[in-house]
Amino acid sequence: MILKRLKDETRFSHQATEQHLDLFSRMLTKSEYARLLGRFWGFYAPIETKIGQVVGLEQLPLNLSARQKKPLLWLDLTSLAWDEKTIQAQPLCDDLPVLDSIPQALGCLYVLEGSTLGGQIISRHLQERIGITPDHGGRFFASYGQDVRSMWKGFGETVTSYSTSPQIEDTIVDSAIETFASFGRWFQNGKQD
Ligand code: HEM
């Protein structure tokens with residue numbers, strides 16, 4: 001039930017996110033692509049830190065360390081010739097969703113993990129259009145490679161077994177919507193930079 005609620009109740013947010021990113025309407029250059037990854041870094045680095053601080057989350061079967069995207073972004077940026085200083089100097093998002101509880105963290109993770117599904121489409125697009133392969137700058141969007149589906153299924157099972165009341169479900173859904181909103185604001189603001 002919770003997975004259906006999440007999908008239905010964030011449908012609009014997802015569409016808005018695709019529009020904010022606007023990845024397919026024109027050809028990206030490699031340096032524009034690297035700047036986009038830098039913006040992802042500015043969102044994922046602080047949000048993964050925040051998720052890591054949620055008390056009790058480590059007790060759930062989530063395999064959080066395998067799900068971290070920050071190392072993938074680091075690899076991609078360095079293979080696109082960004083040096084450590086440039087990466088560390090990226091602005092970091094401080095307008096993040098409130099993550100004070102496990103259900104809030106799960107709602108946020110739903111958004112981050114779900115993005116690996118769309119990431120597969122983006123990954124193919126990058127290979128075809130600008131020659132970015134998973135081994136050279138494209139690890140973040142390729143994420144778990146062959147394991148995307150099984151990682152998504154595992155996450156879904158954990159969220160489902162944690163969702164034992166309508167109140168818990170409501171908090172998870174609200175946090176997912178907040179996470180999409182925060183992501184959207186971050187990328188909208190990035191366009192003015
Ligand atoms: C242009 C960019 C994107 C495209 C084209 C895209 C496309 C898709 C597609 C096709 C799916 C469904 C996959 C499936 O069920 O097999 C999906 C799922 C999902 N995407 Fe995206 N996506 C994009 C960006 C994002 C971003 C940036 C986020 C999060 C920040 C995101 C979050 C999600 C979530 C949470 C789901 C799971 C929906 C569910 O509950 O089944 N997507 N996306």
# chains A, B, ... in the order shown; residues from 1 in each chain; ligands from 1
$ residues_near_ligand --ligand "ligand 1" --cutoff "8 Å" --atoms "only C-alpha atoms and all ligand atoms" --output "NGL selection string"
:A and (3-4 or 6-8 or 10-11 or 14 or 17-19 or 21-24 or 110-119 or 121-122 or 179-180 or 183)
$ residues_around --residues "Asp135 of chain A" --least-positions-apart "5" --cutoff "12 Å" --atoms "only C-alpha atoms" --output "list in words"
Leu72, Leu75, Asp76, Leu77, Thr78, Ser79, Leu80, Ser123, Gln127, Phe140, Phe141, Ala142, Ser143 and Gly145 of chain A
$ residues_around --residues "Thr160 of chain A" --least-positions-apart "4" --cutoff "9 Å" --atoms "only C-alpha atoms" --output "list in words"
Met1, Ile2, Leu3, Phe155, Gly156 and Thr164 of chain A
$ residues_around --residues "Glu169 of chain A" --least-positions-apart "3" --cutoff "12 Å" --atoms "only C-alpha atoms" --output "number ranges by chain"
A: 1-6, 9, 102-104, 106-107, 159-166, 172-176
$ residues_around --residues "Trp41 of chain A" --least-positions-apart "3" --cutoff "7 Å" --atoms "only C-alpha atoms" --output "list in words"
Leu37, Gly38, Tyr44, Ala45, Lys70 and Leu73 of chain A
$ residues_around --residues "segment 60-68 of chain A" --least-positions-apart "3" --cutoff "7 Å" --atoms "only C-alpha atoms" --output "compact mmCIF listing (two decimals) with C-alpha atoms, in the first residue's frame"
# COMPACT_ATOMS: atom_id res chain seq x y z
CA LEU A 57 17.81 3.99 10.74
CA PRO A 71 31.24 8.40 -3.89
CA PHE A 155 14.12 -0.81 -0.55
CA THR A 158 11.84 -2.42 3.91
$ atom_distance --atom1 "atom CA of Ala34 of chain A" --atom2 "atom CA of Trp82 of chain A"
8.3 Å
$ atom_distance --atom1 "atom CA of Gly184 of chain A" --atom2 "atom CA of Ile51 of chain A"
18.7 Å
$ decode --residues "segment 12-163 of chain A" --atoms "C-alpha atoms" --output "short mmCIF file (atom, residue, chain, number, x, y, z; two decimals), in the first residue's frame"
data_model
loop_
_atom_site.label_atom_id
_atom_site.label_comp_id
_atom_site.auth_asym_id
_atom_site.auth_seq_id
_atom_site.Cartn_x
_atom_site.Cartn_y
_atom_site.Cartn_z
CA PHE A 12 2.92 15.56 -9.82
CA SER A 13 6.20 16.25 -7.96
CA HIS A 14 8.01 13.80 -10.23
CA GLN A 15 6.73 15.48 -13.37
CA ALA A 16 7.82 18.87 -12.04
CA THR A 17 11.28 17.44 -11.26
CA GLU A 18 11.73 16.15 -14.80
CA GLN A 19 10.83 19.63 -16.04
CA HIS A 20 13.28 21.32 -13.66
CA LEU A 21 16.09 19.10 -14.84
CA ASP A 22 15.18 19.54 -18.51
CA LEU A 23 17.76 17.00 -19.62
CA PHE A 24 16.46 15.95 -23.00
CA SER A 25 15.33 19.11 -24.74
CA ARG A 26 18.80 20.04 -25.96
CA MET A 27 22.30 18.67 -26.30
CA LEU A 28 24.44 19.03 -23.18
CA THR A 29 28.15 19.64 -23.57
CA LYS A 30 30.51 17.67 -21.33
CA SER A 31 31.29 20.74 -19.26
CA GLU A 32 27.59 21.52 -18.80
CA TYR A 33 27.12 17.91 -17.76
CA ALA A 34 29.93 18.23 -15.20
CA ARG A 35 28.33 21.41 -13.81
CA LEU A 36 25.05 19.53 -13.48
CA LEU A 37 26.83 16.78 -11.55
CA GLY A 38 28.37 19.46 -9.33
CA ARG A 39 24.86 20.63 -8.53
CA PHE A 40 23.84 17.02 -7.73
CA TRP A 41 26.86 16.86 -5.44
CA GLY A 42 25.60 19.97 -3.63
CA PHE A 43 22.33 18.21 -2.92
CA TYR A 44 23.39 14.60 -2.29
CA ALA A 45 26.44 15.28 -0.10
CA PRO A 46 24.53 17.11 2.66
CA ILE A 47 21.38 15.01 2.39
CA GLU A 48 23.32 11.76 2.74
CA THR A 49 25.04 13.20 5.81
CA LYS A 50 21.65 14.07 7.26
CA ILE A 51 20.22 10.61 6.51
CA GLY A 52 23.26 9.08 8.23
CA GLN A 53 22.39 10.99 11.42
CA VAL A 54 18.83 9.64 11.77
CA VAL A 55 18.76 7.63 14.99
CA GLY A 56 17.74 3.99 14.53
CA LEU A 57 17.81 3.99 10.74
CA GLU A 58 20.89 1.77 10.76
CA GLN A 59 18.78 -0.96 12.40
CA LEU A 60 16.67 -1.38 9.27
CA PRO A 61 17.77 -3.69 6.45
CA LEU A 62 18.56 -0.90 3.99
CA ASN A 63 22.23 -1.42 3.26
CA LEU A 64 22.72 2.32 3.38
CA SER A 65 26.43 2.36 2.67
CA ALA A 66 25.88 0.51 -0.64
CA ARG A 67 23.26 3.10 -1.54
CA GLN A 68 25.48 6.16 -1.15
CA LYS A 69 25.73 8.26 -4.28
CA LYS A 70 28.31 10.72 -3.01
CA PRO A 71 31.24 8.40 -3.89
CA LEU A 72 29.84 7.93 -7.40
CA LEU A 73 29.53 11.67 -7.93
CA TRP A 74 33.10 12.11 -6.70
CA LEU A 75 34.35 9.50 -9.18
CA ASP A 76 32.45 11.09 -12.05
CA LEU A 77 33.60 14.61 -11.30
CA THR A 78 37.22 13.55 -10.98
CA SER A 79 37.08 11.61 -14.22
CA LEU A 80 35.68 14.75 -15.86
CA ALA A 81 38.83 16.54 -14.67
CA TRP A 82 37.43 18.40 -11.67
CA ASP A 83 40.03 18.61 -8.93
CA GLU A 84 39.36 18.01 -5.26
CA LYS A 85 39.39 21.72 -4.42
CA THR A 86 36.74 22.51 -7.03
CA ILE A 87 34.48 19.72 -5.77
CA GLN A 88 34.88 20.77 -2.15
CA ALA A 89 34.11 24.38 -3.10
CA GLN A 90 30.69 23.51 -4.54
CA PRO A 91 27.78 25.23 -2.80
CA LEU A 92 25.87 22.77 -0.60
CA CYS A 93 22.11 22.81 -0.21
CA ASP A 94 20.95 23.85 3.26
CA ASP A 95 17.26 23.97 2.39
CA LEU A 96 16.75 20.26 2.97
CA PRO A 97 13.70 18.36 4.25
CA VAL A 98 13.44 17.87 8.03
CA LEU A 99 14.76 14.38 8.84
CA ASP A 100 14.13 13.83 12.53
CA SER A 101 12.61 10.38 12.41
CA ILE A 102 12.82 7.06 10.58
CA PRO A 103 9.60 7.61 8.57
CA GLN A 104 10.89 11.00 7.40
CA ALA A 105 14.18 9.40 6.37
CA LEU A 106 12.32 6.66 4.48
CA GLY A 107 10.24 9.22 2.56
CA CYS A 108 13.42 11.04 1.60
CA LEU A 109 15.17 7.81 0.61
CA TYR A 110 12.18 6.86 -1.54
CA VAL A 111 12.93 9.91 -3.71
CA LEU A 112 16.69 9.31 -3.85
CA GLU A 113 16.32 5.59 -4.54
CA GLY A 114 13.51 6.09 -7.08
CA SER A 115 15.77 8.41 -9.02
CA THR A 116 17.95 5.39 -9.90
CA LEU A 117 15.06 4.16 -12.08
CA GLY A 118 14.95 7.33 -14.13
CA GLY A 119 18.75 7.30 -13.97
CA GLN A 120 18.83 4.30 -16.28
CA ILE A 121 17.11 6.29 -19.01
CA ILE A 122 19.40 9.26 -18.42
CA SER A 123 22.44 6.97 -18.47
CA ARG A 124 21.52 5.59 -21.91
CA HIS A 125 20.84 9.08 -23.19
CA LEU A 126 24.26 10.31 -22.01
CA GLN A 127 26.03 7.41 -23.70
CA GLU A 128 24.24 7.94 -26.98
CA ARG A 129 24.42 11.73 -27.09
CA ILE A 130 27.71 12.77 -25.47
CA GLY A 131 29.66 9.56 -25.05
CA ILE A 132 29.51 9.52 -21.25
CA THR A 133 29.86 5.89 -20.16
CA PRO A 134 29.53 4.50 -16.62
CA ASP A 135 33.31 4.09 -16.52
CA HIS A 136 33.98 7.61 -17.64
CA GLY A 137 31.86 10.17 -15.86
CA GLY A 138 28.57 8.26 -15.80
CA ARG A 139 28.62 6.20 -12.61
CA PHE A 140 26.10 8.34 -10.74
CA PHE A 141 23.31 7.96 -13.28
CA ALA A 142 24.17 4.30 -13.90
CA SER A 143 24.05 3.82 -10.09
CA TYR A 144 23.73 0.09 -9.30
CA GLY A 145 24.01 -1.05 -12.94
CA GLN A 146 22.46 -4.50 -13.32
CA ASP A 147 21.24 -4.37 -9.73
CA VAL A 148 18.97 -1.32 -10.03
CA ARG A 149 15.80 -3.41 -9.98
CA SER A 150 16.83 -5.63 -7.08
CA MET A 151 18.02 -2.65 -5.01
CA TRP A 152 14.67 -0.94 -5.67
CA LYS A 153 12.78 -4.08 -4.69
CA GLY A 154 14.79 -4.41 -1.47
CA PHE A 155 14.12 -0.81 -0.55
CA GLY A 156 10.39 -1.28 -1.25
CA GLU A 157 10.24 -4.31 1.04
CA THR A 158 11.84 -2.42 3.91
CA VAL A 159 9.52 0.59 3.54
CA THR A 160 6.50 -1.70 3.29
CA SER A 161 7.31 -3.64 6.44
CA TYR A 162 8.00 -0.42 8.35
CA SER A 163 4.64 1.10 7.34
#
